[in-house]
Structures are given as structure tokens and as C-alpha cells.
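As C-alpha cells, the structure follows; a few thoughts come after it.
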Amino acid sequence: MGASETATRIAELRRRIEDANRRYHELDEPDITDAAYDALVRELEALERAHPGLADADSPTRKVGALPSGRFAQVAHALPMLSLGNAFSDGEVADFVRRIRERLEREDLVFSAEPKLDGLAISLRYEDGAFVQGATRGDGATGEDVTANLRTISVIPHVLDGDDWPKVLEVRGEVYMARADFERWNERARLHGGKVLANPRNGAAGSLRQQDPAVTAQRPLSFFAYGIGQVEGGSLPETHSATLARLRDWGLPVSDLATVVHGLDGLLAYYARIGAARDGLAFDIDGVVYKLDDLAGQREMGFVSRAPRWAIAHKFPAQEQATLLESIEVNVGRTGAVTPWALMRPVQVGGVTVTRATLHNADHVARLDVRAGDTVIVRRAGDVIPEVVQVVHAQRPPGTVPWSMPAACPVCGAEVVREEGAAVWRCSGGLSCPAQRVQAVFHFASRRAMDIDGLGERYIESLAESGHLRDVSDLYRLTLDDLLDMKRRADERDGTTPETVKAGKVPTKWADNLIEAIDRSRGTTLARFLFALGIEHVGESTAKALAQWFGDLDLVRHLPWPLFKRVPDIGGEVARAIGHFLDQAGNQAVIERLLARGVRIRDTHAPNPLLRDGLDLATLLVDLEIPKVTAVRAAQLASAFADAQALLDAPVQDLAAAGLPAETAEALAGWLEVEANASLLLRSARALAELRARLPERGEQAAGPLEGKTVVLTGTLSAMGRDEAKDKLEALGAKTAGSVSKKTSFVVAGEAAGSKLAKAEELGIEVWDEARLLAFLAQHA
DNA sequence: ATGCCTCGAGTTCA
DNA sequence: CTCGAGGCAT
């Protein structure tokens with residue numbers, strides 16, 4: 001970089017940092033992430049160090065934070081509130097420790113370590129044990145008087161406990177909003193139209209800045225004390241840790257994660273420990289803070305311009321980062337759902353490189369107002385999946401255009417349509433769309449469906465392109481040659497042909513394995529088979545229910561849709577979707593071919609005798625969803641007519657004679673006149689009779705020990721996988737659910753159980769550890 | 001009609 | 001995991 005370029009860069013950095021300061025402190029609307037801000041400051045500091053001639057007394061590196069906004073009275077801090085230097089790596093922490101060791105000429109250093117809350121730094125002034133004034137940090141020397149607002153925070157004592165406090169005591173600490181409080185607040189705000197807060201930090205800052213303390217009082221704010229400022233007329237202990245203990249004695253909240261550690265190893269171990277616990281903490285933190293514990297040492301170390309030399313903030317890798325959104329593409333899913341996703345310039349977030357993130361649906365894109373060319377903020381929240389949180393509107397380049405859903409499917413060109421009132425847009429191409437076909441096969445082969453190991457999306461695509469795979473039944477007639485041909489094409493297409501293949505050596509082991517995996521999948525269960533078909537609304541759980549209640553593929557595949565409503569948790573929508581799927585000749589043909597090519601269902605059994613209760617004409621009439629025909633009317637009809645045929649043959653006046661109001665009789669007659677309705681009624685009645693005939697006597701089925709129990713699994717089990725545990729519990733009659741509610745019988749918690757365990761404790765639901773589960777399984781094996 | 005509670009579907013990276 | 005939406009009890 002030349003001298004003039006350096007000067008330009010320095011000016012640019014100063015301008016951007018000042019702008020960010022203004023937004024952060026005065027507007028409570030940060031437009032860049034903390035990590036990006038830190039990076040700017042560090043770059044500027046480095047340049048200024050390297051080019052002392054370009055230093056400037058007005059540079060933001062010489063100030064701490066921005067000037068107060070002026071809406072509150074100003075308060076000069078008796079002792080300045082300083083910020084901390086940052087460390088982003090173990091090396092920087094080691095440098096920090098080394099600097100202290102060298103200056104103090106001491107080997108064994110004792111530090112006080114504590115989490116660094118993501119909130120708002122404030123100072124509380126107590127005189128004669130009474131809270132008299134509270135102020136924000138402001139620029140470090142002068143802050144804003146927010147005493148009235150701070151008084152509304154219940155954990156801040158108005159009067160200190162005990163009587164051994166100094167006459168004047170300034171307590172430094174952080175006002176924050178706990179995550180659960182933040183969530184609860186926003187939930188209510190969305191429901192009842194209050195102010196929705198962007199994140200806990202902004203929530204805390206904004207709440208403390210209210211002109212009306214009554215508004216602040218509504219906000220769920222908390223506080224932790226972490227240090228002291230001015231002290232007069234009394235003395236405090238000579239170590240930081242003892243000072244914290246004293247503050248706690250006086251009734252001030254101090255984080256119980258604050259502790260004393262020894263040397264560099266102690267610091268790094270603390271960092272690792274808090275980092276591991278981070279997601280489970282009740283509040284957001286962005287790092288940990290280390291302070292030399294003895295005050296004599298602190299005094300000896302002193303300060304550099306804007307921070308103490310005896311303390312440092314060790315930051316966690318950012319979980320939020322800004323990056324450039326290069327384009328918005330769309331994906332076509334198994335059901336034809338067209339979902340937009342963001343393609344971004346690679347960025348490190350929470351330790352992994354993120355390049356893509358889902359944008360869910362068109363409404364979501366519109367809500368975020370995100371466009372190609374935007375700078376966006378990406379987050380990896382508690383889980384792994386990255387998410388675009390926010391657009392930095394201030395950094396939008398000119399000439400961007402709002403994104404819109406393409407009118408045609410990018411894969412097959414069919415029209416993209418949206419159902420009335422629905423959120424998702426779908427490709428109308430159905431199975432003639434190659435993308436939907438590929439996804440359908442991928443789903444069929446997936447682990448929870450037919451479990452064909454080794455059949456990935458890339459292979460399926462290639463098989464479909466070359467015409468070897470038109471539908472899932474073709475899987476069962478693939479030959480070794482088909483697979484080798486497919487692989488050759490795929491490698492050519494992607495330019496991934498291995499050198500060994502070019503040299504004439506064609507590996508076939510993988511193909512043998514795949515053929516074997518396909519063959520193994522021929523023996524399957526009814527639940528897996530039904531799930532694998534990919535019927536709309538039929539996921540794993542509904543497929544299991546269908547299998548359990550009907551027990552036989554031949555029965556299921558010829559059942560008219562109203563009969564499916566006899567299964568608990570299947571209503572009109574789902575029943576119709578199943579019926580619609582089965583009504584299509586093409587789908588029946590696929591099932592036929594699957595069976596012809598060797599797929600065998602191994603757990604066929606008689607229908608569940610509990611079905612008996614709903615297998616009558618009255619229930620059928622309700623299930624058919626005939627306009628105006630309620631349960632009461634259906635019962636009247638069922639007792640007045642011998643069977644469905646009799647009902648069908650009845651003239652309107654007979655219907656009325658059965659006790660129906662004229663309006664209902666007419667609606668029913670009109671419905672019966674439609675040919676399709678009449679035949680559905682007859683088909684359903686026949687199916688009902690057949691199903692009835694197949695029902696076994698209501699006998700005492702071997703009820704499992706967990707019959708009627710709903711179990712939720714969470715965390716990692718060591719002795720078995722989650723799926724295995726799930727199967728075993730279900731074999732004993734339990735129902736396994738994905739989330740904890742008051743209906744949950746008990747929760748099995750493995751290692752590192754998270755929110756579900758917390759929820760269980762909150763609801764007072766029984767929790768089993770792995771040992772208890774194993775013991776139970778062993779006992780009932 | 002309203003408010004749980006579940007299920008289904010789509011999704012990321014190593 | 002998170003959203004949206006279906007099922008069902010109230």
C-alpha cells in the first residue's frame with residue numbers, strides 16, 4: 001500500500017467506525033456485527049501504529065464508544081468506565097499473560113474469570129448504602145443518567161444489605177435481557193402488538209433508553225455486577241474475587257460462573273468450559289473476561305490509552321457474520337415445493353464455512369427484503385443450520401432489484417403455482433419434472449424409508465438422465481452394467497473421472513455393494529413401504545399408523561379415502577391426499593411393479609380390532625363430509641336406512657321422512673345425485689363391510705409395558721443410537737414424540753441434552769437417564 | 001372459533 | 001431445528 005492509499009484507508013476506516021458507533025449507541029440499530037466492528041477497529045489500530053504520522057487525536061481509537069445522545073441528563077463518571085482489549089486466539093491470551101508476568105516479574109498469576117455478557121454496561125452509585133444514581137457508559141467519561149429506569153429493575157437493590165459498605169460505592173455491571181425473557185416478550189409482542197425486539201442486547205439497550213420509566217418497568221431486564229468504580233469512606237478487599245463476594249453479600253447479583261483460575265492453562269480451560277456451556281446459558285455472552293485478581297498487581301500494570309493492561313476479553317468465534325449475498329437460487333423438492341436459497345460469499349460462522357442458507361419461501365424473502373448484492377447477516381443459532389437473519393440496508397448498492405419467484409420451474413419449465421392462502425409455491429410439473437422424480441427416488445431410498453445405502457442424489461440424477469430410472473420400481477431391475485454406465489456418465493458430466501479409470505481400471509466393488517443394498521431393501525415393513533411412496537402428508541408417523549391400523553398393503557391400497565379417517569390423527573385433508581395418490585393409475589402401477597420385482601412386506605397382519613367402533617354407516621356418512629350432514633343427522637339416516645344402497649335409492653321426501661330438516665335432505669339429495677359421490681358412497685360401504693369381516697375378535701392383545709405412554713428422546717445415548725432406542729421403546733408399546741409437552745409421559749435424556757430436557761424440568765415431567773432406560777429395556781426384553 | 005400439540009417437509013456442513 | 005399446517009379437544 002502506498003502512503004496516499006494508506007491515508008485513504010485510514011480515513012475510510014475512521015468514517016465507518018464512527019458511523020457504526022453512532023448507530024450502535026444512539027440509534028440502537030447496529031448495521032454491522034460486533035465481529036466486523038472489531039475487525040475494523042483492529043485494522044485501524046494497526047495502521048495507526050505503523051504510521052504514527054497519520055495518527056489523529058480525534059480518531060475513534062482514542063475514544064471509547066460514541067457521545068451520549070443528549071436525551072438524558074449527562075453524568076460524569078467519577079472514575080472513567082473503560083472498555084477492554086480483545087483476544088481472539090489462544091496466542092493473544094498467551095501474550096496477555098506473558099506481558100503481565102514480565103512486568104510484575106511473577107511466575108504464578110491468579111486471575112478472576114467471568115463470562116462476558118452481551119448487554120449494556122452501566123454504573124450504579126450507592127451513597128450510605130442507598131442507590132442514588134445510575135448511568136450508562138456513554139463515551140467512558142460521561143454517560144447518561146438512567147436512574148429512574150434502573151430503579152425498575154427488580155434485581156438491582158435500592159438499599160444494600162448489611163452495614164459494612166463504604167459511604168460512596170460505585171458498582172459496575174451489565175444490564176441484559178435473559179434469552180427466555182426475550183423470547184417470551186417477543187411472543188407476546190407479536191400476539192398483542194407490542195414492540196418486537198431485534199435481539200436481547202438491543203432489547204436491553206432500547207429498554208434502558210426509554211423516556212418513560214413505566215415502559216422500562218414492563219421490560220424483563222436483569223443485571224449482573226462485575227466490578228467497582230469510585231469507593232470512598234470505606235475499604236474493599238485486595239482481590240477482585242473477594243470484591244465480587246462482598247458485592248454478593250450486599251445483595252448485588254453476581255454471576256455464579258465467575259471464578260478464580262491459575263495461569264494461562266486455567267484461563268484457556270475456563271474459556272473451553274464456558275464455550276461448551278454457552279448455548280445452554282440463560283443469557284447471551286460473546287466471550288469471557290480475565291482480570292488479574294490482586295488489585296496491587298492491577299495498579300502496577302496500569303492502563304494503555306483505552307483499556308486496562310490487567311484485563312482482557314477473550315471472544316468466542318462469531319456466531320453472526322456479515323457477508324455478501326451473491327445470488328438467490330431456487331430448489332425443487334420432492335413435493336414440487338420451490339424454495340429460494342441464498343448463495344453467499346463464503347464466511348466463517350461459529351467455526352464452519354457457510355456459503356448457502358435457506359430463505360424458506362417467497363414470503364420470507366419479501367419480509368427480509370433481501371436482494372442479490374445485499375450485505376446480509378448470517379447466524380448459526382443453537383443448532384447447525386445457518387440462517388439469514390437480517391439485511392444491512394445501509395450497505396445496499398444501487399441498482400438492486402427485489403427478488404421474485406420465477407414463473408416457470410427452473411428444471412422442467414412447468415408453471416410455478418401457489419395454492420390459495422398457502423406459503424409455498426410449487427412446480428406444477430408433478431412427476432414429469434425431473435427434479436421431483438429425482439427427489440422422489442431419493443426419498444424412497446432414504447434411511448427411514450427403504451434404507452438403500454449408497455444411493456445418493458448424484459447417482460440418482462445420473463440414472464434418471466440416462467433413462468435407467470423412470471420411477472422407483474426401476475431400482476429393482478438395475479444391473480451392474482447399468483450402474484457402471486451411470487457412473488461413467490456422471491463422472492464425465494462432472495469432470496470427476498478418476499485417473500485410474502482413464503487408465504482402464506474400472507472399480508466395481510461399490511456397484512456390487514449398491515446392488516446388494518437394493519436387494520436387501522426388498523424385504524421391508526409396511527410402514528417403511530408406505531412412507532417410501534412419498535404420499536403427500538404421509539410422513540413416518542402417519543405411515544406407521546396406517547400400517548398398525550390396517551396391517552396389509554392390499555387392503556390399504558384399495559381403500560376409499562373416507563376410511564382412512566378411522567385412524568387417529570388422520571383427518572379429512574390427509575385422508576383425501578392418500579386417496580388421491582391411490583386413485584392415480586400410475587401410482588398403482590408402480591406399486592404393482594415393485595411387488596412384481598420382488599419387494600416383500602414382512603409384517604402383514606390383521607386390522608386393529610379397535611377399528612370396530614367406527615365401522616358403521618353413521619360414521620361413514622360423517623366421514624364423507626357431506627354438506628349439512630352432521631353427526632346427529634348421520635345417526636338418524638343410519639337408523640332409517642338399511643344400507644348405503646337404500647339411502648342412494650331414496651327420494652328426497654323419504655330423506656325428509658327420516659327426520660331430516662328439508663334443507664339437509666335437499667343438500668344430501670343433491671350430493672347423492674353426483675355420480676362420483678354415489679359411487680364413492682357405495683365403494684366405501686363395501687370396503688367398510690370387508691374391513692369389518694377381516695377384523696379379528698377383540699382379544700387381549702399383548703399390551704406392551706409402555707402402552708399408552710408418550711416418550712421423548714433427547715441428547716446422545718452411548719449404548720445405542722437414537723433410532724434404535726426409539727424402535728425398542730415402540731416395540732414395548734410406547735409412542736415416541738419429537739417434542740416435550742404436558743402429554744409427555746417421560747423424557748429419556750442422554751449426554752448433552754438441551755432444550756427438551758429443560759422443557760421437561762419446567763413442566764415437571766419425569767426424566768430417565770440412559771442407565772434407567774437400559775435397565776428397563778433389559779428387564780422387558 | 002381457539003389454542004394446544006404433533007407431524008411433515010425442507011435444510012447445512014464435515 | 002424451524003416453520004407451517006393438520007388434527008382435535010374445549
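Labeling convention for the C-alpha cells: chains A, B, ... as they appear, residues from 1 per chain, ligands from 1 in order of appearance.
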Chain A contacts on chain B, only C-alpha atoms (C1' of nucleotides), 8 Å, as a VMD selection string: chain B and resid 5 to 8 10 to 13
Go ahead and dump the residues you just picked, all heavy atoms, as a short mmCIF file (atom, residue, chain, number, x, y, z; two decimals), in the first residue's frame.
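Output below, filename result_36.cif:
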```cif
data_model
loop_
_atom_site.label_atom_id
_atom_site.label_comp_id
_atom_site.auth_asym_id
_atom_site.auth_seq_id
_atom_site.Cartn_x
_atom_site.Cartn_y
_atom_site.Cartn_z
P DC B 5 -49.81 -28.33 25.13
OP1 DC B 5 -50.16 -28.99 26.38
OP2 DC B 5 -48.66 -27.42 25.03
"O5'" DC B 5 -49.63 -29.42 23.97
"C5'" DC B 5 -50.72 -30.22 23.60
"C4'" DC B 5 -50.41 -30.95 22.33
"O4'" DC B 5 -50.76 -30.14 21.19
"C3'" DC B 5 -48.94 -31.35 22.13
"O3'" DC B 5 -48.94 -32.75 21.96
"C2'" DC B 5 -48.51 -30.59 20.87
"C1'" DC B 5 -49.84 -30.38 20.16
N1 DC B 5 -49.93 -29.23 19.21
C2 DC B 5 -50.50 -29.44 17.94
O2 DC B 5 -50.89 -30.56 17.64
N3 DC B 5 -50.59 -28.39 17.09
C4 DC B 5 -50.15 -27.18 17.45
N4 DC B 5 -50.28 -26.19 16.57
C5 DC B 5 -49.58 -26.95 18.74
C6 DC B 5 -49.48 -28.00 19.58
P DT B 6 -47.58 -33.56 22.05
OP1 DT B 6 -47.76 -34.52 23.11
OP2 DT B 6 -46.43 -32.64 22.00
"O5'" DT B 6 -47.61 -34.35 20.67
"C5'" DT B 6 -47.89 -33.56 19.61
"C4'" DT B 6 -48.27 -34.34 18.42
"O4'" DT B 6 -48.76 -33.35 17.55
"C3'" DT B 6 -47.06 -34.96 17.74
"O3'" DT B 6 -47.47 -36.11 17.02
"C2'" DT B 6 -46.55 -33.84 16.87
"C1'" DT B 6 -47.81 -33.05 16.53
N1 DT B 6 -47.58 -31.58 16.53
C2 DT B 6 -48.04 -30.86 15.44
O2 DT B 6 -48.63 -31.37 14.52
N3 DT B 6 -47.76 -29.53 15.48
C4 DT B 6 -47.10 -28.84 16.48
O4 DT B 6 -46.91 -27.64 16.40
C5 DT B 6 -46.65 -29.65 17.60
C7 DT B 6 -45.92 -29.01 18.72
C6 DT B 6 -46.91 -30.97 17.56
P DC B 7 -46.39 -37.01 16.34
OP1 DC B 7 -46.89 -38.39 16.46
OP2 DC B 7 -45.07 -36.62 16.84
"O5'" DC B 7 -46.50 -36.57 14.82
"C5'" DC B 7 -47.78 -36.58 14.21
"C4'" DC B 7 -47.69 -35.92 12.87
"O4'" DC B 7 -47.48 -34.51 13.04
"C3'" DC B 7 -46.54 -36.43 12.02
"O3'" DC B 7 -47.06 -36.69 10.73
"C2'" DC B 7 -45.53 -35.29 12.04
"C1'" DC B 7 -46.44 -34.07 12.21
N1 DC B 7 -45.82 -32.90 12.88
C2 DC B 7 -45.99 -31.62 12.33
O2 DC B 7 -46.62 -31.50 11.28
N3 DC B 7 -45.46 -30.56 12.97
C4 DC B 7 -44.79 -30.73 14.11
N4 DC B 7 -44.29 -29.65 14.70
C5 DC B 7 -44.61 -32.03 14.69
C6 DC B 7 -45.14 -33.07 14.05
P DG B 8 -46.18 -37.41 9.69
OP1 DG B 8 -47.08 -38.32 8.95
OP2 DG B 8 -44.94 -37.91 10.29
"O5'" DG B 8 -45.82 -36.20 8.73
"C5'" DG B 8 -46.87 -35.41 8.22
"C4'" DG B 8 -46.33 -34.40 7.24
"O4'" DG B 8 -45.76 -33.30 7.97
"C3'" DG B 8 -45.23 -34.89 6.30
"O3'" DG B 8 -45.51 -34.27 5.06
"C2'" DG B 8 -43.95 -34.40 6.95
"C1'" DG B 8 -44.41 -33.11 7.61
N9 DG B 8 -43.77 -32.71 8.85
C8 DG B 8 -43.39 -33.51 9.90
N7 DG B 8 -42.88 -32.84 10.91
C5 DG B 8 -42.94 -31.51 10.49
C6 DG B 8 -42.54 -30.33 11.16
O6 DG B 8 -42.05 -30.21 12.28
N1 DG B 8 -42.76 -29.19 10.38
C2 DG B 8 -43.31 -29.21 9.13
N2 DG B 8 -43.45 -28.03 8.54
N3 DG B 8 -43.69 -30.31 8.50
C4 DG B 8 -43.48 -31.42 9.24
P DG B 10 -40.24 -31.01 0.69
OP1 DG B 10 -40.77 -30.58 -0.60
OP2 DG B 10 -39.70 -32.37 0.89
"O5'" DG B 10 -39.15 -29.95 1.15
"C5'" DG B 10 -39.59 -28.63 1.50
"C4'" DG B 10 -38.43 -27.92 2.12
"O4'" DG B 10 -38.33 -28.32 3.50
"C3'" DG B 10 -37.08 -28.28 1.48
"O3'" DG B 10 -36.30 -27.11 1.29
"C2'" DG B 10 -36.44 -29.24 2.47
"C1'" DG B 10 -37.00 -28.71 3.79
N9 DG B 10 -37.02 -29.70 4.83
C8 DG B 10 -37.26 -31.06 4.69
N7 DG B 10 -37.18 -31.70 5.82
C5 DG B 10 -36.87 -30.73 6.76
C6 DG B 10 -36.64 -30.83 8.15
O6 DG B 10 -36.68 -31.85 8.84
N1 DG B 10 -36.35 -29.62 8.72
C2 DG B 10 -36.28 -28.42 8.05
N2 DG B 10 -35.98 -27.35 8.76
N3 DG B 10 -36.49 -28.31 6.74
C4 DG B 10 -36.77 -29.50 6.16
P DT B 11 -34.92 -27.25 0.55
OP1 DT B 11 -34.89 -26.13 -0.39
OP2 DT B 11 -34.72 -28.65 0.07
"O5'" DT B 11 -33.88 -26.99 1.72
"C5'" DT B 11 -34.29 -26.27 2.87
"C4'" DT B 11 -33.12 -26.17 3.84
"O4'" DT B 11 -33.40 -27.01 4.98
"C3'" DT B 11 -31.80 -26.67 3.26
"O3'" DT B 11 -30.76 -25.78 3.61
"C2'" DT B 11 -31.59 -28.04 3.88
"C1'" DT B 11 -32.32 -27.90 5.21
N1 DT B 11 -32.86 -29.19 5.69
C2 DT B 11 -33.04 -29.34 7.04
O2 DT B 11 -32.80 -28.46 7.85
N3 DT B 11 -33.50 -30.56 7.43
C4 DT B 11 -33.80 -31.64 6.61
O4 DT B 11 -34.21 -32.69 7.07
C5 DT B 11 -33.60 -31.41 5.20
C7 DT B 11 -33.92 -32.50 4.20
C6 DT B 11 -33.15 -30.22 4.81
P DT B 12 -29.54 -25.81 2.61
OP1 DT B 12 -29.66 -24.57 1.87
OP2 DT B 12 -29.38 -27.09 1.90
"O5'" DT B 12 -28.32 -25.69 3.62
"C5'" DT B 12 -28.50 -25.26 4.96
"C4'" DT B 12 -27.13 -25.31 5.61
"O4'" DT B 12 -27.15 -26.32 6.64
"C3'" DT B 12 -26.03 -25.70 4.63
"O3'" DT B 12 -24.86 -24.96 4.91
"C2'" DT B 12 -25.87 -27.19 4.84
"C1'" DT B 12 -26.23 -27.35 6.32
N1 DT B 12 -26.87 -28.65 6.64
C2 DT B 12 -26.54 -29.27 7.83
O2 DT B 12 -25.76 -28.79 8.62
N3 DT B 12 -27.16 -30.46 8.03
C4 DT B 12 -28.07 -31.09 7.19
O4 DT B 12 -28.56 -32.16 7.49
C5 DT B 12 -28.38 -30.36 5.97
C7 DT B 12 -29.34 -30.95 4.99
C6 DT B 12 -27.77 -29.20 5.75
P DC B 13 -23.65 -25.07 3.87
OP1 DC B 13 -23.17 -23.70 3.66
OP2 DC B 13 -24.01 -25.91 2.72
"O5'" DC B 13 -22.58 -25.85 4.74
"C5'" DC B 13 -22.49 -25.54 6.14
"C4'" DC B 13 -21.59 -26.52 6.83
"O4'" DC B 13 -22.35 -27.69 7.25
"C3'" DC B 13 -20.43 -27.04 5.98
"O3'" DC B 13 -19.25 -27.00 6.76
"C2'" DC B 13 -20.85 -28.47 5.62
"C1'" DC B 13 -21.71 -28.86 6.82
N1 DC B 13 -22.78 -29.84 6.51
C2 DC B 13 -23.11 -30.83 7.46
O2 DC B 13 -22.51 -30.84 8.52
N3 DC B 13 -24.08 -31.72 7.16
C4 DC B 13 -24.71 -31.66 5.98
N4 DC B 13 -25.65 -32.55 5.75
C5 DC B 13 -24.40 -30.66 5.01
C6 DC B 13 -23.43 -29.78 5.31
#
```
Distance-based interface of chain C with chain A, 9 Å, counting only C-alpha atoms (C1' of nucleotides), as a PyMOL selection string: chain C and resi 1+3-4+6-8
DSSP strand (DSSP E) residues within segment 267-486 of chain A, listed as a PyMOL selection string: chain A and resi 285-292+303-304+307-308+311-315+320-332+337-349+352-358+375-380+386-391+416-418+425-427
Straight-line distance linking atom CA of Asp108 of chain A with atom CA of Gln230 of chain A, stated in Å to one decimal: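 Going from atom CA of Asp108 of chain A over to atom CA of Gln230 of chain A covers 28.9 Å.
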Selection: 12 Å around DA9 of chain C, only C-alpha atoms (C1' of nucleotides), excl. self and same-chain fewer than 6 positions, as a PyMOL selection string: chain B and resi 2-5
Per-residue DSSP, segment 124-184 of chain A, filtered to alpha helix (DSSP H), as number ranges by chain: A: 147-151, 179-184
For atom CA of Thr744 of chain A and atom CA of Met720 of chain A, the interatomic separation in Å (one decimal):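 These two atoms are separated by 22.0 Å.
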Of the listed residues A:Met177, A:Ala296, A:Val567, A:Leu729, that which approaches Phe283 of chain A most closely, counting only C-alpha atoms: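 Nearest candidate to Phe283 of chain A out of A:Met177, A:Ala296, A:Val567, A:Leu729: A:Met177.
Take atom CA of Leu763 of chain A and atom CA of Arg188 of chain A: the distance between them is 20.1 Å.
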Within 9 Å of Pro308 of chain A using only C-alpha atoms (C1' of nucleotides), minus same-chain residues under 5 positions, as a list in words: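 The filter keeps Leu82, Ser83, Leu84, Gly85, Gln298, Met301, Gly302 and Phe303 of chain A.
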Go ahead and save the residues from that selection, with all heavy atoms, as a PDB file, in the first residue's frame.
```pdb
ATOM      1  N   LEU A  82     -14.002   2.115  31.385  1.00  0.00           N
ATOM      2  CA  LEU A  82     -13.180   1.790  30.226  1.00  0.00           C
ATOM      3  C   LEU A  82     -13.671   0.542  29.540  1.00  0.00           C
ATOM      4  O   LEU A  82     -14.439  -0.233  30.096  1.00  0.00           O
ATOM      5  CB  LEU A  82     -11.741   1.605  30.688  1.00  0.00           C
ATOM      6  CG  LEU A  82     -11.202   2.920  31.245  1.00  0.00           C
ATOM      7  CD1 LEU A  82     -10.227   2.667  32.360  1.00  0.00           C
ATOM      8  CD2 LEU A  82     -10.588   3.753  30.137  1.00  0.00           C
ATOM      9  N   SER A  83     -13.207   0.375  28.313  1.00  0.00           N
ATOM     10  CA  SER A  83     -13.537  -0.882  27.655  1.00  0.00           C
ATOM     11  C   SER A  83     -12.323  -1.802  27.758  1.00  0.00           C
ATOM     12  O   SER A  83     -11.296  -1.436  28.299  1.00  0.00           O
ATOM     13  CB  SER A  83     -13.929  -0.648  26.206  1.00  0.00           C
ATOM     14  OG  SER A  83     -12.922   0.077  25.563  1.00  0.00           O
ATOM     15  N   LEU A  84     -12.467  -2.993  27.227  1.00  0.00           N
ATOM     16  CA  LEU A  84     -11.415  -3.993  27.369  1.00  0.00           C
ATOM     17  C   LEU A  84     -10.756  -4.281  26.034  1.00  0.00           C
ATOM     18  O   LEU A  84     -11.391  -4.185  24.985  1.00  0.00           O
ATOM     19  CB  LEU A  84     -12.020  -5.307  27.881  1.00  0.00           C
ATOM     20  CG  LEU A  84     -12.565  -5.298  29.295  1.00  0.00           C
ATOM     21  CD1 LEU A  84     -13.274  -6.605  29.583  1.00  0.00           C
ATOM     22  CD2 LEU A  84     -11.433  -5.071  30.284  1.00  0.00           C
ATOM     23  N   GLY A  85      -9.483  -4.637  26.108  1.00  0.00           N
ATOM     24  CA  GLY A  85      -8.843  -5.149  24.911  1.00  0.00           C
ATOM     25  C   GLY A  85      -9.427  -6.518  24.589  1.00  0.00           C
ATOM     26  O   GLY A  85      -9.986  -7.179  25.463  1.00  0.00           O
ATOM     27  N   GLN A 298      -2.913  -5.070  39.656  1.00  0.00           N
ATOM     28  CA  GLN A 298      -3.659  -4.246  38.701  1.00  0.00           C
ATOM     29  C   GLN A 298      -3.098  -2.832  38.670  1.00  0.00           C
ATOM     30  O   GLN A 298      -2.852  -2.278  37.611  1.00  0.00           O
ATOM     31  CB  GLN A 298      -5.139  -4.184  39.095  1.00  0.00           C
ATOM     32  CG  GLN A 298      -5.895  -5.488  38.877  1.00  0.00           C
ATOM     33  CD  GLN A 298      -7.392  -5.310  39.118  1.00  0.00           C
ATOM     34  OE1 GLN A 298      -7.879  -4.208  39.344  1.00  0.00           O
ATOM     35  NE2 GLN A 298      -8.121  -6.420  39.054  1.00  0.00           N
ATOM     36  N   MET A 301       0.130  -2.708  36.844  1.00  0.00           N
ATOM     37  CA  MET A 301       0.028  -2.854  35.393  1.00  0.00           C
ATOM     38  C   MET A 301      -0.466  -1.562  34.740  1.00  0.00           C
ATOM     39  O   MET A 301      -0.002  -1.177  33.677  1.00  0.00           O
ATOM     40  CB  MET A 301      -0.942  -3.985  35.036  1.00  0.00           C
ATOM     41  CG  MET A 301      -0.445  -5.381  35.334  1.00  0.00           C
ATOM     42  SD  MET A 301       1.110  -5.777  34.516  1.00  0.00           S
ATOM     43  CE  MET A 301       0.646  -5.725  32.795  1.00  0.00           C
ATOM     44  N   GLY A 302      -1.422  -0.894  35.355  1.00  0.00           N
ATOM     45  CA  GLY A 302      -1.913   0.362  34.815  1.00  0.00           C
ATOM     46  C   GLY A 302      -2.711   0.203  33.532  1.00  0.00           C
ATOM     47  O   GLY A 302      -3.239  -0.866  33.239  1.00  0.00           O
ATOM     48  N   PHE A 303      -2.746   1.287  32.774  1.00  0.00           N
ATOM     49  CA  PHE A 303      -3.626   1.337  31.601  1.00  0.00           C
ATOM     50  C   PHE A 303      -2.852   1.692  30.347  1.00  0.00           C
ATOM     51  O   PHE A 303      -1.838   2.358  30.417  1.00  0.00           O
ATOM     52  CB  PHE A 303      -4.693   2.420  31.815  1.00  0.00           C
ATOM     53  CG  PHE A 303      -5.619   2.102  32.955  1.00  0.00           C
ATOM     54  CD1 PHE A 303      -5.247   2.370  34.276  1.00  0.00           C
ATOM     55  CD2 PHE A 303      -6.864   1.542  32.700  1.00  0.00           C
ATOM     56  CE1 PHE A 303      -6.097   2.061  35.319  1.00  0.00           C
ATOM     57  CE2 PHE A 303      -7.722   1.242  33.743  1.00  0.00           C
ATOM     58  CZ  PHE A 303      -7.333   1.501  35.059  1.00  0.00           C
TER      59      PHE A 303
END
```
